[in-house]
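Participant: Structure file model-v9.txt (compact mmCIF, C-alpha atoms and all ligand atoms) right here:
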# COMPACT_ATOMS: atom_id res chain seq x y z
CA MET V 1 -5.65 34.11 -25.00
CA THR V 2 -2.32 35.39 -23.81
CA ASP V 3 1.11 33.86 -24.50
CA THR V 4 1.76 33.49 -20.80
CA PRO V 5 -0.42 30.83 -19.23
CA THR V 6 -2.38 32.26 -16.35
CA ARG V 7 -5.01 30.95 -13.99
CA ARG V 8 -8.60 31.80 -13.32
CA THR V 9 -8.87 34.55 -10.77
CA PRO V 10 -9.88 33.35 -7.32
CA VAL V 11 -13.49 34.47 -7.26
CA ALA V 12 -16.77 32.61 -6.86
CA GLU V 13 -17.11 29.75 -9.31
CA SER V 14 -20.17 31.37 -10.92
CA GLN V 15 -18.03 34.40 -11.73
CA ARG V 16 -15.39 32.39 -13.53
CA GLN V 17 -16.46 33.37 -17.02
CA HIS V 18 -13.79 33.88 -19.63
CA PRO V 19 -15.41 34.48 -23.02
CA ASP V 20 -12.10 33.69 -24.76
CA ASP V 21 -11.77 30.36 -22.95
CA ALA V 22 -15.10 28.67 -23.71
CA PHE V 23 -15.91 25.03 -23.02
CA THR V 24 -16.85 22.86 -25.99
CA PHE V 25 -19.71 20.39 -26.48
CA ASP V 26 -17.21 17.50 -26.16
CA GLU V 27 -16.25 18.78 -22.70
CA VAL V 28 -19.89 19.13 -21.64
CA ARG V 29 -20.48 15.52 -22.77
CA LEU V 30 -17.44 14.32 -20.81
CA ALA V 31 -18.68 16.22 -17.75
CA ALA V 32 -22.11 14.61 -18.04
CA ARG V 33 -20.62 11.08 -18.21
CA ASN V 34 -18.02 11.61 -15.49
CA HIS V 35 -19.83 13.23 -12.60
CA ALA V 36 -18.31 14.95 -9.57
CA MET V 37 -19.09 14.48 -5.89
CA PRO V 38 -21.60 17.18 -4.90
CA LEU V 39 -19.76 19.23 -2.26
CA GLU V 40 -22.53 18.78 0.33
CA ALA V 41 -21.53 15.08 0.31
CA LEU V 42 -18.41 16.18 2.25
CA ARG V 43 -20.74 15.60 5.23
CA TYR V 44 -20.32 11.81 4.85
CA PRO V 45 -17.09 10.29 6.21
CA LEU V 46 -17.54 7.52 3.61
CA THR V 47 -19.01 8.73 0.34
CA PRO V 48 -22.07 6.69 -0.71
CA ALA V 49 -21.14 4.94 -3.98
CA GLY V 50 -23.65 6.94 -6.03
CA LEU V 51 -22.12 10.24 -4.88
CA HIS V 52 -18.45 9.25 -5.34
CA TYR V 53 -16.88 10.94 -8.37
CA LEU V 54 -16.55 8.93 -11.55
CA LEU V 55 -13.97 8.95 -14.34
CA ILE V 56 -14.19 6.51 -17.22
CA HIS V 57 -11.95 6.99 -20.26
CA TYR V 58 -13.84 4.64 -22.63
CA ASP V 59 -17.01 2.53 -21.99
CA ILE V 60 -17.90 0.53 -18.88
CA PRO V 61 -17.02 -3.04 -19.94
CA ASP V 62 -19.60 -5.81 -19.66
CA LEU V 63 -17.97 -8.33 -17.28
CA ASP V 64 -19.35 -11.54 -15.82
CA ALA V 65 -18.06 -12.28 -12.30
CA ALA V 66 -18.16 -16.07 -12.80
CA ALA V 67 -16.18 -15.94 -16.06
CA TRP V 68 -13.75 -13.22 -14.88
CA ARG V 69 -10.09 -14.22 -14.50
CA LEU V 70 -7.03 -12.25 -13.47
CA GLU V 71 -3.80 -13.22 -15.24
CA ILE V 72 -0.45 -12.58 -13.56
CA ASP V 73 2.43 -12.84 -16.00
CA GLY V 74 5.63 -11.23 -17.32
CA ALA V 75 8.83 -11.38 -15.26
CA VAL V 76 7.55 -13.96 -12.76
CA GLU V 77 8.59 -17.55 -11.98
CA ARG V 78 5.02 -18.86 -12.14
CA ARG V 79 2.15 -17.39 -14.11
CA LEU V 80 -1.03 -17.33 -12.05
CA THR V 81 -4.68 -17.26 -13.08
CA LEU V 82 -7.06 -16.20 -10.28
CA SER V 83 -10.85 -16.25 -10.19
CA LEU V 84 -12.96 -13.91 -8.07
CA GLU V 85 -13.50 -16.80 -5.62
CA ASP V 86 -9.73 -17.32 -5.39
CA LEU V 87 -9.31 -13.66 -4.42
CA LYS V 88 -12.14 -13.80 -1.88
CA ARG V 89 -10.63 -16.88 -0.21
CA ARG V 90 -7.46 -14.92 0.62
CA PRO V 91 -7.14 -12.82 3.83
CA ALA V 92 -9.16 -9.65 3.25
CA VAL V 93 -8.29 -6.08 4.18
CA THR V 94 -10.77 -3.17 4.34
CA ALA V 95 -9.41 0.37 4.14
CA PRO V 96 -11.10 3.76 3.72
CA VAL V 97 -9.20 5.48 0.89
CA THR V 98 -9.66 8.97 -0.57
CA LEU V 99 -9.47 9.06 -4.37
CA GLU V 100 -8.98 12.26 -6.35
CA CYS V 101 -8.72 12.58 -10.12
CA ALA V 102 -5.34 14.04 -11.12
CA GLY V 103 -7.31 16.46 -13.29
CA ASN V 104 -9.40 17.78 -10.41
CA GLY V 105 -9.39 21.60 -10.78
CA ARG V 106 -8.57 21.45 -14.50
CA ALA V 107 -11.43 23.79 -15.50
CA LEU V 108 -9.98 26.48 -13.22
CA TYR V 109 -6.69 26.73 -15.13
CA VAL V 110 -6.58 29.47 -17.78
CA PRO V 111 -6.42 28.56 -20.57
CA HIS V 112 -8.18 25.38 -19.50
CA PRO V 113 -6.64 22.15 -20.89
CA VAL V 114 -9.25 20.25 -22.91
CA SER V 115 -10.28 17.05 -21.10
CA GLN V 116 -12.73 16.19 -18.32
CA PRO V 117 -13.51 19.72 -16.98
CA TRP V 118 -13.45 19.20 -13.22
CA ILE V 119 -13.94 22.25 -11.02
CA THR V 120 -13.13 21.12 -7.45
CA GLU V 121 -15.15 17.98 -6.82
CA GLY V 122 -13.38 15.07 -8.58
CA ILE V 123 -13.09 13.30 -5.22
CA GLY V 124 -14.61 10.67 -2.95
CA THR V 125 -13.74 8.34 -0.08
CA ALA V 126 -14.93 4.75 0.08
CA ALA V 127 -14.09 1.73 2.24
CA TRP V 128 -12.48 -0.72 -0.18
CA THR V 129 -12.16 -4.42 0.62
CA GLY V 130 -9.83 -6.75 -1.17
CA ALA V 131 -6.79 -9.01 -1.16
CA PRO V 132 -3.36 -7.41 -0.61
CA LEU V 133 -1.30 -7.55 -3.82
CA ALA V 134 2.20 -8.13 -2.36
CA PRO V 135 1.61 -11.75 -1.22
CA ILE V 136 0.16 -12.57 -4.66
CA LEU V 137 3.21 -11.18 -6.47
CA ASP V 138 5.34 -13.10 -4.00
CA GLU V 139 3.52 -16.35 -4.81
CA ALA V 140 4.03 -15.70 -8.50
CA GLY V 141 7.76 -15.26 -7.77
CA ILE V 142 8.24 -11.74 -9.10
CA ALA V 143 11.75 -11.62 -10.63
CA PRO V 144 14.43 -9.49 -8.95
CA ALA V 145 14.86 -7.83 -12.36
CA ALA V 146 11.25 -6.62 -12.44
CA ILE V 147 11.33 -2.84 -11.96
CA GLU V 148 7.70 -2.03 -12.70
CA VAL V 149 4.32 -3.73 -12.52
CA LEU V 150 1.74 -3.09 -15.25
CA PHE V 151 -2.00 -3.21 -14.54
CA THR V 152 -4.33 -3.65 -17.51
CA GLY V 153 -8.09 -3.10 -17.50
CA ALA V 154 -10.68 -4.83 -19.65
CA ASP V 155 -11.95 -1.55 -21.15
CA LEU V 156 -10.89 -0.75 -24.70
CA GLY V 157 -10.89 2.58 -26.52
CA VAL V 158 -8.95 5.06 -28.62
CA GLU V 159 -6.79 7.77 -27.13
CA GLY V 160 -4.13 9.88 -28.82
CA GLY V 161 -5.01 7.96 -32.02
CA GLU V 162 -4.02 4.63 -30.38
CA VAL V 163 -6.39 1.72 -29.76
CA GLN V 164 -5.65 0.58 -26.22
CA HIS V 165 -6.82 -1.13 -23.09
CA TYR V 166 -6.61 1.30 -20.18
CA ALA V 167 -3.28 0.32 -18.58
CA ARG V 168 -0.94 1.92 -16.05
CA ALA V 169 2.43 0.81 -14.65
CA LEU V 170 3.69 1.41 -11.10
CA PRO V 171 7.26 1.28 -9.81
CA ARG V 172 7.90 -2.14 -8.17
CA VAL V 173 8.42 -0.65 -4.69
CA GLU V 174 5.04 1.11 -4.82
CA ALA V 175 3.22 -2.00 -6.10
CA LEU V 176 4.67 -4.04 -3.22
CA LEU V 177 3.58 -1.62 -0.45
CA PRO V 178 1.33 -3.40 2.07
CA GLY V 179 -1.69 -1.11 1.49
CA VAL V 180 -2.04 -1.98 -2.21
CA LEU V 181 -5.20 -4.03 -2.76
CA LEU V 182 -7.02 -5.98 -5.42
CA ALA V 183 -10.42 -4.70 -4.30
CA TYR V 184 -13.73 -6.48 -4.91
CA ALA V 185 -16.00 -4.51 -2.55
CA MET V 186 -16.81 -0.81 -2.11
CA ASN V 187 -18.52 0.27 1.12
CA GLY V 188 -19.31 -3.37 1.87
CA GLU V 189 -21.05 -4.14 -1.45
CA PRO V 190 -19.75 -5.62 -4.70
CA ILE V 191 -18.05 -2.80 -6.64
CA PRO V 192 -20.67 -1.15 -8.91
CA PRO V 193 -20.06 -1.50 -12.68
CA GLN V 194 -18.92 2.12 -13.03
CA HIS V 195 -16.29 1.81 -10.29
CA GLY V 196 -14.56 -1.30 -11.65
CA PHE V 197 -16.66 -4.45 -11.14
CA PRO V 198 -15.59 -7.08 -10.33
CA VAL V 199 -12.03 -6.10 -9.30
CA ARG V 200 -9.99 -2.92 -9.31
CA LEU V 201 -6.55 -1.90 -8.10
CA LEU V 202 -6.26 0.38 -5.06
CA VAL V 203 -2.97 2.23 -4.40
CA PRO V 204 -3.66 4.42 -1.34
CA GLY V 205 -2.30 7.96 -1.65
CA TRP V 206 -1.93 8.02 -5.43
CA TYR V 207 -4.04 10.10 -7.81
CA GLY V 208 -7.08 8.42 -9.38
CA MET V 209 -5.56 7.21 -12.67
CA THR V 210 -3.44 4.68 -10.75
CA HIS V 211 -6.39 2.68 -9.42
CA VAL V 212 -7.02 0.59 -12.56
CA LYS V 213 -10.65 -0.57 -12.78
CA TRP V 214 -11.97 -3.77 -14.42
CA LEU V 215 -8.54 -5.28 -13.80
CA ARG V 216 -7.74 -8.33 -15.89
CA ARG V 217 -3.93 -8.60 -16.14
CA ILE V 218 -0.92 -7.85 -13.94
CA THR V 219 2.46 -8.01 -15.71
CA ALA V 220 5.86 -7.74 -14.05
CA LEU V 221 8.18 -5.71 -16.31
CA ALA V 222 11.98 -5.79 -16.50
CA GLN V 223 11.92 -2.62 -18.66
CA PRO V 224 10.22 0.74 -18.05
CA TYR V 225 6.70 0.79 -19.48
CA THR V 226 6.25 3.15 -22.42
CA GLY V 227 2.48 2.87 -22.92
CA TYR V 228 0.18 5.83 -23.44
CA GLN V 229 -1.18 6.35 -19.91
CA ASN V 230 2.33 6.57 -18.44
CA ALA V 231 4.47 8.03 -21.21
CA HIS V 232 2.08 10.53 -22.85
CA VAL V 233 -0.43 11.61 -20.25
CA TYR V 234 -0.37 12.07 -16.45
CA ARG V 235 2.89 13.99 -16.75
CA MET V 236 3.63 17.47 -15.45
CA ARG V 237 4.85 19.60 -18.35
CA THR V 238 4.24 23.01 -19.83
CA ARG V 239 5.33 22.29 -23.45
CA GLU V 240 4.48 19.46 -25.86
CA ASP V 241 8.19 18.72 -26.49
CA ASP V 242 8.93 18.38 -22.78
CA PRO V 243 8.81 14.76 -21.48
CA GLY V 244 7.90 16.16 -18.04
CA THR V 245 7.69 14.25 -14.78
CA PRO V 246 5.08 11.67 -13.81
CA VAL V 247 2.04 12.53 -11.70
CA THR V 248 2.16 10.26 -8.64
CA ARG V 249 0.73 10.94 -5.15
CA MET V 250 -1.95 13.47 -4.23
CA VAL V 251 -0.69 16.84 -3.03
CA PRO V 252 -2.52 18.28 0.01
CA ARG V 253 -5.95 19.68 -0.54
CA SER V 254 -8.96 20.72 1.55
CA LEU V 255 -12.53 21.42 0.60
CA MET V 256 -15.37 23.14 2.46
CA GLU V 257 -18.95 21.97 2.58
CA PRO V 258 -20.74 25.03 1.17
CA PRO V 259 -22.74 26.79 3.93
CA GLY V 260 -26.16 28.35 3.39
CA ILE V 261 -28.40 27.84 0.37
CA PRO V 262 -27.57 28.01 -3.35
CA ASP V 263 -29.18 29.72 -6.30
CA PHE V 264 -30.19 27.05 -8.85
CA ALA V 265 -28.50 28.55 -11.89
CA THR V 266 -25.52 30.49 -10.56
CA ARG V 267 -24.84 28.49 -7.37
CA ASP V 268 -24.36 31.84 -5.61
CA ARG V 269 -24.94 31.23 -1.90
CA VAL V 270 -26.80 33.05 0.87
CA VAL V 271 -25.97 32.42 4.53
CA ALA V 272 -27.89 33.57 7.61
CA PRO V 273 -26.07 35.99 9.95
CA GLY V 274 -24.70 34.72 13.25
CA ASP V 275 -22.66 31.68 14.27
CA CYS V 276 -21.99 29.37 11.35
CA GLU V 277 -19.91 26.21 11.70
CA LEU V 278 -17.75 25.81 8.59
CA ARG V 279 -16.93 22.15 7.91
CA GLY V 280 -14.80 20.31 5.46
CA ARG V 281 -12.26 17.58 4.84
CA ALA V 282 -8.56 17.57 3.96
CA TRP V 283 -6.23 14.91 2.56
CA SER V 284 -2.75 14.29 1.19
CA GLY V 285 -1.13 11.26 -0.43
CA TRP V 286 2.25 12.09 1.14
CA GLY V 287 1.49 12.02 4.85
CA PRO V 288 -1.11 12.83 7.49
CA ILE V 289 -2.80 16.23 7.43
CA THR V 290 -1.37 18.20 10.34
CA ARG V 291 -2.97 21.63 9.85
CA VAL V 292 -6.00 23.22 8.23
CA GLU V 293 -6.50 26.98 8.27
CA VAL V 294 -9.58 28.95 7.31
CA SER V 295 -9.85 32.43 5.84
CA THR V 296 -13.10 34.38 5.51
CA ASP V 297 -11.50 37.21 3.53
CA GLY V 298 -10.15 35.46 0.44
CA GLY V 299 -6.85 34.40 1.99
CA GLN V 300 -5.65 37.63 3.60
CA HIS V 301 -5.98 36.35 7.17
CA TRP V 302 -5.84 32.71 8.26
CA HIS V 303 -7.20 31.06 11.43
CA PRO V 304 -6.58 27.50 12.65
CA ALA V 305 -9.44 25.03 12.14
CA ALA V 306 -10.13 22.22 14.65
CA LEU V 307 -9.10 18.81 13.29
CA GLY V 308 -11.03 15.59 13.80
CA ASP V 309 -9.55 12.12 13.37
CA ALA V 310 -8.75 10.81 9.90
CA LEU V 311 -10.66 7.64 9.04
CA ALA V 312 -7.43 5.90 8.06
CA ASP V 313 -3.88 6.71 6.91
CA TYR V 314 -4.98 7.48 3.35
CA ALA V 315 -8.45 8.86 3.98
CA TRP V 316 -9.48 12.47 4.47
CA ARG V 317 -9.43 14.23 7.84
CA PRO V 318 -12.47 16.30 8.97
CA TRP V 319 -12.07 19.89 10.14
CA THR V 320 -14.39 22.57 11.55
CA TYR V 321 -14.19 26.31 12.14
CA LEU V 322 -16.73 28.45 13.97
CA TRP V 323 -17.38 31.58 11.94
CA HIS V 324 -19.40 34.52 13.14
CA ALA V 325 -21.10 35.54 9.91
CA GLU V 326 -21.61 39.30 9.59
CA PRO V 327 -23.80 40.74 6.83
CA GLY V 328 -21.98 41.31 3.54
CA SER V 329 -20.02 39.32 0.98
CA HIS V 330 -17.30 36.93 2.19
CA ASP V 331 -14.75 34.82 0.32
CA LEU V 332 -14.37 31.62 2.37
CA CYS V 333 -11.18 29.57 1.91
CA SER V 334 -9.38 26.67 3.56
CA ARG V 335 -5.75 25.58 3.30
CA ALA V 336 -4.24 22.21 4.29
CA THR V 337 -0.69 21.24 5.28
CA ASP V 338 0.62 17.69 5.73
CA ALA V 339 3.29 16.10 7.94
CA THR V 340 5.92 16.44 5.20
CA GLY V 341 5.39 20.23 5.14
CA ARG V 342 3.64 20.13 1.77
CA ALA V 343 0.84 22.68 1.70
CA GLN V 344 -1.98 23.76 -0.56
CA SER V 345 -1.10 26.56 -2.98
CA MET V 346 -3.04 29.79 -3.43
CA LEU V 347 -2.59 29.27 -7.20
CA ALA V 348 -1.12 25.99 -8.47
CA PRO V 349 1.17 26.31 -11.51
CA TRP V 350 -0.52 25.88 -14.90
CA ASN V 351 0.41 22.74 -16.85
CA LEU V 352 -0.55 21.22 -20.19
CA GLY V 353 -2.60 18.31 -18.84
CA GLY V 354 -4.33 20.42 -16.19
CA TYR V 355 -3.16 18.15 -13.35
CA MET V 356 -2.57 18.59 -9.61
CA ASN V 357 -4.53 21.82 -9.22
CA ASN V 358 -4.60 22.05 -5.44
CA SER V 359 -5.28 25.81 -5.48
CA VAL V 360 -7.25 27.01 -2.48
CA GLN V 361 -11.03 26.76 -3.03
CA HIS V 362 -12.91 30.07 -2.90
CA LEU V 363 -16.54 29.98 -1.77
CA VAL V 364 -18.03 33.44 -2.06
CA VAL V 365 -21.15 33.74 0.08
CA VAL V 366 -23.47 36.62 0.86
CA VAL V 367 -24.59 36.92 4.47
CA ALA V 368 -28.10 38.32 4.53
CA ALA V 369 -28.84 41.35 6.73
CA GLU V 370 -31.51 39.38 8.62
CA GLN V 371 -32.44 35.75 9.25
CA THR V 372 -33.80 35.28 5.72
CA ALA V 373 -31.78 32.25 4.75
CA SER V 374 -32.33 28.97 6.58
CA ALA V 375 -28.64 28.19 6.88
N1 LIG U 401 -9.68 0.52 -16.46
C1 LIG U 401 -9.78 1.81 -16.12
N2 LIG U 401 -9.36 2.20 -14.91
C2 LIG U 401 -9.44 3.50 -14.55
C3 LIG U 401 -9.95 4.47 -15.43
C4 LIG U 401 -10.41 4.04 -16.69
O1 LIG U 401 -10.91 4.82 -17.52
N3 LIG U 401 -10.31 2.69 -17.01
N4 LIG U 401 -9.97 5.80 -15.05
C5 LIG U 401 -8.96 6.16 -14.06
C6 LIG U 401 -9.08 7.52 -13.58
S1 LIG U 401 -8.43 8.74 -14.56
C7 LIG U 401 -9.60 7.81 -12.34
S2 LIG U 401 -9.60 9.39 -11.76
C8 LIG U 401 -10.17 6.75 -11.49
C9 LIG U 401 -11.62 7.07 -11.14
O2 LIG U 401 -12.13 6.10 -10.28
P1 LIG U 401 -13.69 6.13 -9.91
O3 LIG U 401 -14.47 6.32 -11.18
O4 LIG U 401 -13.97 4.85 -9.22
O5 LIG U 401 -13.86 7.32 -8.99
O6 LIG U 401 -10.15 5.47 -12.11
C10 LIG U 401 -8.98 5.21 -12.87
N5 LIG U 401 -9.01 3.84 -13.31
MO MO U 402 -8.51 10.73 -13.36
Take the structure in the file and give it back as structure tokens.
Ligand SMILES: Nc1nc2c(c(=O)[nH]1)N[C@H]1C(S)=C(S)[C@@H](COP(=O)(O)O)O[C@H]1N2
Ligand SMILES: [Mo]
Facilitator:
Amino acid sequence: MTDTPTRRTPVAESQRQHPDDAFTFDEVRLAARNHAMPLEALRYPLTPAGLHYLLIHYDIPDLDAAAWRLEIDGAVERRLTLSLEDLKRRPAVTAPVTLECAGNGRALYVPHPVSQPWITEGIGTAAWTGAPLAPILDEAGIAPAAIEVLFTGADLGVEGGEVQHYARALPRVEALLPGVLLAYAMNGEPIPPQHGFPVRLLVPGWYGMTHVKWLRRITALAQPYTGYQNAHVYRMRTREDDPGTPVTRMVPRSLMEPPGIPDFATRDRVVAPGDCELRGRAWSGWGPITRVEVSTDGGQHWHPAALGDALADYAWRPWTYLWHAEPGSHDLCSRATDATGRAQSMLAPWNLGGYMNNSVQHLVVVVAAEQTASA
């Protein structure tokens, strides 16, 4: 390895082999537990629950819906204890929300930070139904002095040598935004065990770690939270002794549904010659997607893609581009820009945790000389 952190070269994923940057058995085991969304599932506006990506730090806790209670405490006038029925009796909101793990793209950084080794598919979009959080905090009488709100899950494990429940704090203003939900349904069904049954937090626009699953306590804090998941991880930094800055909302990203057919082992793809509609989806946690461009030559030339309607404010927006596929090898890319002017990078800057890698995806495909592939 070199002293200067670099990134994997933008070539087909099957070609990303760096003998000096091998993945360990622990990483393979993490990858097997925490699966990605297969890219062909970009075809679904709402990701079926079984295809949505999954990230679980410890074990899935064994929770009984009837016995489950949510405690609301800390800097509030009245502590509240809510059952699942109490939550379901409140006015419900359903919102399609795109979730992306902050570590999506981690395996493409060189050297790769050791954790869940996502390539590009730590994503999914589901319709989440639940009770808005702000009126509940209002009923509890959240103190004016409360500057953060801490969300604690029922799952317990060890991380950084510390025994802990998975817990994350949010700034008060973010926790009180109207879109924030205590969700109890995913795509119209009770949330499956792996996605946070019976109740999880939903903070539209924020990276995955924010949406605390198996929620059991909400605590208003008059002091900044210093727990592990806020103070030690999910921070952008390049050195261990740098406190860094917190990872918050999702930066713009787009992905392409891979055209053609794959090879089983290498995932190398073959596409039939002729007209080929390239399709994908783009999202940002900062504002609506306003532009997607496509390149068929590895990012040298860009062409505007046609945009469809986003499902909702914080859900991905579909795009299409008609490509006339000529025989040969082509490096297909897409690049998204949002209403704030934030855009996808060609190569996102390396960082210790391997977060926020919104580097442009490269899909290298071979267009066959004749109609041999049933693309
Ligand atoms: N309680 C709890 N909540 C959690 C996690 C966890 O391990 N425990 N993982 C977080 C991370 S890092 C991500 S990316 C998302 C993943 O949500 P999903 O598995 O429903 O896609 O959940 C977040 N919420
Ligand atoms: Mo994550």
Participant: Could you jot down the atom C10 of ligand LIG 401 (chain U) to CA of Pro349 (chain V) separation for me, Å, one decimal place?
Facilitator: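 It comes out at 23.5 Å.
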Participant: Considering only C-alpha atoms, return as a list in words whatever protein or nucleic-acid residues lie within 7 Å of Cys101 (chain V), sequence-local ones (same chain, fewer than 3 positions apart) excluded.
Facilitator: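 So, after excluding close chain neighbours, the residues are Asn104, Gly122, Ile123, Tyr207, Gly208 and Met209 of chain V.
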Participant: Please check which protein, DNA or RNA residues sit within 12 Å of ligand MO 402 (chain U), counting only C-alpha atoms and all ligand atoms, and write them as an MDAnalysis selection string.
Facilitator: chainID V and resid 34:36 53:57 99:106 115:118 121:123 166 168 206:213 229 233:234 247:248 250 353:356
Participant: Quick one: of V:Leu46, V:Val28, V:Ala369, V:Leu177, who's nearest to Ala127 (chain V), counting all atoms listed in the file?
Facilitator: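 Using all atoms listed in the file, Ala127 (chain V) sits closest to V:Leu46.
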Participant: Could you work out how far CA of Gly179 (chain V) lies from CA of Pro204 (chain V), giving the answer in Å with one decimal?
Facilitator: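 Value for the CA of Pro204 (chain V)-CA of Gly179 (chain V) distance: 6.5 Å.
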Participant: Using all atoms listed in the file, which protein or nucleic acid residues come within 12 Å of Val270 (chain V)? Drop anything in the same chain fewer than 6 positions from it, and give the result as a list in words.
Facilitator: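 My reading of the contact set: Pro258, Pro259, Gly260, Ile261, Pro262, Asp263, Phe264, Ala325, Glu326, Pro327, Gly328, Ser329, His330, Leu363, Val364, Val365, Val366, Val367, Ala368, Ala369, Glu370, Gln371, Thr372, Ala373, Ser374 and Ala375 of chain V.
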Participant: Any idea what's packed within 12 Å of Thr24 (chain V), counting only C-alpha atoms, ignoring anything in its chain fewer than 5 positions away? Could you give it as a ChimeraX atom specification?
Facilitator: /V:29-31,107,112-117
Participant: Find the residue from V:Pro91, V:Pro45, V:Gly153, V:Gly341 that sits nearest to ligand LIG 401 (chain U); use only C-alpha atoms and all ligand atoms when measuring.
Facilitator: V:Gly153
Participant: Could you work out how far CA of Pro273 (chain V) lies from CA of Cys333 (chain V), giving the answer in Å with one decimal?
Facilitator: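 CA of Cys333 (chain V) sits 18.1 Å away from CA of Pro273 (chain V).
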Participant: Neighbourhood query: residues within 12 Å of (1.8, 10.5, -21.6), file coordinates, counting all atoms listed in the file; return as a ChimeraX atom specification.
Facilitator: /V:159-160,167-169,225-237,240-247,352-353
Participant: If you take only C-alpha atoms and a cut-off of 7 Å, which residues of region 226-310 of chain V touch region 321-324 of chain V, and what are their nearest atom pairs and distances in Å to one decimal, in chain and number order, as a Markdown table?
Facilitator:
| residue | atom | partner | partner_atom | distance |
| --- | --- | --- | --- | --- |
| V:Gly274 | CA | V:His324 | CA | 5.3 |
| V:Asp275 | CA | V:His324 | CA | 4.5 |
| V:Cys276 | CA | V:Trp323 | CA | 5.1 |
| V:Glu277 | CA | V:Leu322 | CA | 4.5 |
| V:Leu278 | CA | V:Tyr321 | CA | 5.1 |
| V:Arg279 | CA | V:Tyr321 | CA | 6.5 |
| V:Ala305 | CA | V:Tyr321 | CA | 4.9 |
| V:Ala306 | CA | V:Tyr321 | CA | 6.3 |
Participant: Quick one: everything within 7 Å of Val180 (chain V), counting all atoms listed in the file, minus sequence neighbours fewer than 4 positions away in the same chain. Send it as JSON, numbers by chain.
Facilitator: {"V": [132, 133, 175, 202, 203, 204]}
Participant: Which residue, V:Asp26, V:Asp59, V:Glu148, V:Asp73, has the smallest gap to ligand LIG 401 (chain U) when you use all atoms listed in the file?
Facilitator: V:Asp59
Participant: Could you check which of V:Gln194, V:Thr266, V:Asn358, V:Asn351 is closest to ligand LIG 401 (chain U), using all atoms listed in the file?
Facilitator: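 Selected residue with least distance to ligand LIG 401 (chain U): V:Gln194.
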Participant: Measuring between all atoms listed in the file, which one of V:Ile119, V:Ile218, V:Leu42, V:Ala126 shows the shortest distance to ligand LIG 401 (chain U)?
Facilitator: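 Of V:Ile119, V:Ile218, V:Leu42, V:Ala126, the one nearest ligand LIG 401 (chain U), counting all atoms listed in the file, is V:Ala126.
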